[in-house]
There are 2 protein chains.
Amino acid sequence: MALRQAVDWSLYVVTDAGLSRGRSHVAVIEAAITGGATVVQYREKHAPTRQMVAEAQVLRELTRRTGVPLIVNDRLDVALAVDADGVHLGQDDMPAALARRLIGPDKILGISASTLAEALQAVQDGADYLGVGPIFATPTKPDAAPPIGIDGLRLIRQHVSLPIVAIGGINATNAAEVMAAGPDGIAVVSAVVAAEDIAVAAQELRAMVNASRQRREAASN
Amino acid sequence: MALRQAVDWSLYVVTDAGLSRGRSHVAVIEAAITGGATVVQYREKHAPTRQMVAEAQVLRELTRRTGVPLIVNDRLDVALAVDADGVHLGQDDMPAALARRLIGPDKILGISASTLAEALQAVQDGADYLGVGPIFATPTKPDAAPPIGIDGLRLIRQHVSLPIVAIGGINATNAAEVMAAGPDGIAVVSAVVAAEDIAVAAQELRAMVNASRQRREAASN
């Protein structure tokens, strides 16, 4: 519970083996944390379970040492095996209410929502935060729902008080515009994991999120 | 515990979507149980987790109604989600000792073993039964270890008192020979799920296992 409340959602970095230019998940996440990632998600769809558990165990040690929450995508078995801080589930993954029963009340449960209806259902099912998107079209998830745009994000923000991270095609050219719609942070894949210098890319995005937050706070005073 | 001790391992049928001639996992398992399958394993490697959970839930109801244990291959998350009777793990799946901690003492833990060393390790890690093989070369698992033959099965049988199901290329032409090496039962994929009449194929194999058992008991008297 304490952990769930304390999470800084500013810069949420998601792994993608196919976009990482041959760098390991561990190398990518280590550099992303160095650059200022505040949450990391281990997403791996193809490796054998034993390899997933081994990689997630190394990430678990790294994220404990650096104080960054570790979320596992889809695979609740892997999350439980390494005592990750939580799981992130898409609409094709395990139903959220069932996942909550299996992980217990203290683990973080994140749910992907592309529509207001999905967002409200996720709140009801016990989500701790929402991944809202895709904001823009993205090549990293060919099976993703159609982009919802900044307006779609703003609509969900108006109806949901849970933490929201915006995801889908977000990079340094549009991060400020996205943050202006009110999410708690941005989730990125290729903008960080495909960057030549991962730490620098993360640092730049983190600075943009921080600046957006300061503008927002200044505007509300 | 009661369940673990009471399992009849005679005919253990494993699903395979690619071999089932377009029939659903549920249709295949229902026919296999009608024919005499004594244990069924839900094995699905490619479907989204939500679909796996939905299919396994239907199998859970069917197997409860018919009193047949339901084992889930690899995916401990799916097994926990539907309260399956156990999980079956290969050497590339979650390490057995870790899986035992997550499923608790009462669920069935099955481990694949291709060598005596793997079999002895699985015993040490808390396995409840072993899937030993592949006995023969099999087209259903192109990534399988080299066949260990009847002699490999007999060697492991001599050193392991846990229940053993032999697997890999077993069908009506060789089931009697396999059973003569002393396993508690046979596990089959294509010999049942690819059969034109699944119930008849299962019935034939079950009768062969029963006959082998009777010969064995007669010989030991």
# chains A, B, ... in the order shown; residues from 1 in each chain; ligands from 1
>>> residues_around(residues="Ala187 in chain A", least_positions_apart="5", cutoff="8 Å", atoms="only C-alpha atoms", output="PDB file with N, CA and C atoms, in the first residue's frame")
ATOM      1  N   LEU A  11       8.084   9.016 -15.571  1.00  0.00           N
ATOM      2  CA  LEU A  11       8.675   8.417 -16.775  1.00  0.00           C
ATOM      3  C   LEU A  11       8.718   6.899 -16.616  1.00  0.00           C
ATOM      4  N   TYR A  12       7.843   6.250 -17.346  1.00  0.00           N
ATOM      5  CA  TYR A  12       7.581   4.809 -17.212  1.00  0.00           C
ATOM      6  C   TYR A  12       8.139   4.161 -18.486  1.00  0.00           C
ATOM      7  N   VAL A  13       9.185   3.376 -18.327  1.00  0.00           N
ATOM      8  CA  VAL A  13       9.877   2.812 -19.498  1.00  0.00           C
ATOM      9  C   VAL A  13       9.545   1.324 -19.633  1.00  0.00           C
ATOM     10  N   VAL A  14       9.124   0.934 -20.843  1.00  0.00           N
ATOM     11  CA  VAL A  14       8.671  -0.428 -21.137  1.00  0.00           C
ATOM     12  C   VAL A  14       9.693  -1.091 -22.064  1.00  0.00           C
ATOM     13  N   GLY A 131      -2.811   2.615 -17.923  1.00  0.00           N
ATOM     14  CA  GLY A 131      -2.011   2.982 -19.082  1.00  0.00           C
ATOM     15  C   GLY A 131      -2.995   3.374 -20.172  1.00  0.00           C
ATOM     16  N   VAL A 165      -0.830   6.948 -16.803  1.00  0.00           N
ATOM     17  CA  VAL A 165       0.325   7.179 -17.668  1.00  0.00           C
ATOM     18  C   VAL A 165      -0.164   7.077 -19.107  1.00  0.00           C
ATOM     19  N   ALA A 166       0.190   8.064 -19.892  1.00  0.00           N
ATOM     20  CA  ALA A 166      -0.170   8.065 -21.309  1.00  0.00           C
ATOM     21  C   ALA A 166       0.854   7.238 -22.069  1.00  0.00           C
ATOM     22  N   ILE A 167       0.373   6.471 -23.075  1.00  0.00           N
ATOM     23  CA  ILE A 167       1.306   5.616 -23.829  1.00  0.00           C
ATOM     24  C   ILE A 167       0.923   5.593 -25.299  1.00  0.00           C
ATOM     25  N   GLY A 168       1.914   5.361 -26.149  1.00  0.00           N
ATOM     26  CA  GLY A 168       1.659   5.173 -27.574  1.00  0.00           C
ATOM     27  C   GLY A 168       2.215   6.294 -28.424  1.00  0.00           C
ATOM     28  N   ILE A 170       4.679   8.286 -27.922  1.00  0.00           N
ATOM     29  CA  ILE A 170       5.137   9.495 -27.211  1.00  0.00           C
ATOM     30  C   ILE A 170       6.652   9.595 -27.278  1.00  0.00           C
TER      31      ILE A 170
END
>>> residues_around(residues="Val200 in chain A", least_positions_apart="5", cutoff="10 Å", atoms="only C-alpha atoms", output="PyMOL selection string")
chain A and resi 31-32+34-36+192+195+205-206
>>> interface_residues(of="chain A", to="chain B", cutoff="7 Å", atoms="only C-alpha atoms", output="PyMOL selection string")
chain A and resi 48-50+53+76-77+81+92-95+98
>>> select_by_dssp(residues="range 157-209 of chain A", states="strand (DSSP E or B)", output="list in words")
Ile164, Val165, Ala166, Ile167, Gly185, Ile186, Ala187 and Val188 of chain A
>>> write_last_selection(atoms="N, CA, C and O atoms", output="mmCIF file, in the first residue's frame")
data_model
loop_
_atom_site.group_PDB
_atom_site.id
_atom_site.type_symbol
_atom_site.label_atom_id
_atom_site.label_comp_id
_atom_site.auth_asym_id
_atom_site.auth_seq_id
_atom_site.Cartn_x
_atom_site.Cartn_y
_atom_site.Cartn_z
ATOM 1 N N ILE A 164 -2.645 8.071 -14.045
ATOM 2 C CA ILE A 164 -2.702 7.727 -15.468
ATOM 3 C C ILE A 164 -1.332 7.962 -16.080
ATOM 4 O O ILE A 164 -0.749 9.041 -15.901
ATOM 5 N N VAL A 165 -0.830 6.948 -16.803
ATOM 6 C CA VAL A 165 0.325 7.179 -17.668
ATOM 7 C C VAL A 165 -0.164 7.077 -19.107
ATOM 8 O O VAL A 165 -0.875 6.136 -19.463
ATOM 9 N N ALA A 166 0.190 8.064 -19.892
ATOM 10 C CA ALA A 166 -0.170 8.065 -21.309
ATOM 11 C C ALA A 166 0.854 7.238 -22.069
ATOM 12 O O ALA A 166 2.045 7.275 -21.757
ATOM 13 N N ILE A 167 0.373 6.471 -23.075
ATOM 14 C CA ILE A 167 1.306 5.616 -23.829
ATOM 15 C C ILE A 167 0.923 5.593 -25.299
ATOM 16 O O ILE A 167 -0.243 5.781 -25.649
ATOM 17 N N GLY A 185 2.083 10.895 -15.880
ATOM 18 C CA GLY A 185 3.385 10.639 -16.481
ATOM 19 C C GLY A 185 3.208 10.071 -17.875
ATOM 20 O O GLY A 185 2.087 9.934 -18.360
ATOM 21 N N ILE A 186 4.337 9.781 -18.505
ATOM 22 C CA ILE A 186 4.297 9.194 -19.839
ATOM 23 C C ILE A 186 5.004 7.838 -19.819
ATOM 24 O O ILE A 186 5.988 7.647 -19.104
ATOM 25 N N ALA A 187 4.455 6.907 -20.579
ATOM 26 C CA ALA A 187 5.096 5.605 -20.760
ATOM 27 C C ALA A 187 5.671 5.569 -22.164
ATOM 28 O O ALA A 187 5.003 5.960 -23.124
ATOM 29 N N VAL A 188 6.908 5.150 -22.273
ATOM 30 C CA VAL A 188 7.579 5.141 -23.569
ATOM 31 C C VAL A 188 8.232 3.796 -23.816
ATOM 32 O O VAL A 188 8.648 3.102 -22.886
#
>>> atom_distance(atom1="CA of Leu130 in chain B", atom2="CA of Asp83 in chain A")
27.5 Å
>>> decode(residues="range 171-184 of chain A", atoms="N, CA and C atoms", output="compact mmCIF listing (two decimals), in the first residue's frame")
# COMPACT_ATOMS: atom_id res chain seq x y z
N ASN A 171 7.14 10.79 -27.61
CA ASN A 171 8.58 11.03 -27.67
C ASN A 171 8.84 12.51 -27.35
N ALA A 172 10.06 12.93 -27.53
CA ALA A 172 10.44 14.29 -27.10
C ALA A 172 9.71 15.38 -27.90
N THR A 173 9.22 15.04 -29.09
CA THR A 173 8.54 16.07 -29.90
C THR A 173 7.11 16.32 -29.45
N ASN A 174 6.51 15.38 -28.72
CA ASN A 174 5.10 15.55 -28.34
C ASN A 174 4.82 15.39 -26.84
N ALA A 175 5.86 15.14 -26.07
CA ALA A 175 5.66 14.84 -24.64
C ALA A 175 5.02 16.01 -23.90
N ALA A 176 5.40 17.23 -24.24
CA ALA A 176 4.86 18.40 -23.54
C ALA A 176 3.36 18.54 -23.81
N GLU A 177 2.99 18.34 -25.06
CA GLU A 177 1.59 18.41 -25.46
C GLU A 177 0.77 17.33 -24.73
N VAL A 178 1.33 16.13 -24.64
CA VAL A 178 0.65 15.04 -23.95
C VAL A 178 0.48 15.39 -22.47
N MET A 179 1.55 15.83 -21.85
CA MET A 179 1.50 16.13 -20.41
C MET A 179 0.48 17.24 -20.12
N ALA A 180 0.28 18.13 -21.06
CA ALA A 180 -0.68 19.23 -20.85
C ALA A 180 -2.11 18.72 -20.68
N ALA A 181 -2.37 17.47 -21.13
CA ALA A 181 -3.71 16.90 -20.97
C ALA A 181 -3.92 16.30 -19.58
N GLY A 182 -2.89 16.33 -18.76
CA GLY A 182 -3.11 15.99 -17.36
C GLY A 182 -2.75 14.61 -16.85
N PRO A 183 -2.03 13.78 -17.61
CA PRO A 183 -1.65 12.48 -17.05
C PRO A 183 -0.58 12.66 -15.96
N ASP A 184 -0.39 11.62 -15.16
CA ASP A 184 0.64 11.67 -14.12
C ASP A 184 2.03 11.43 -14.68
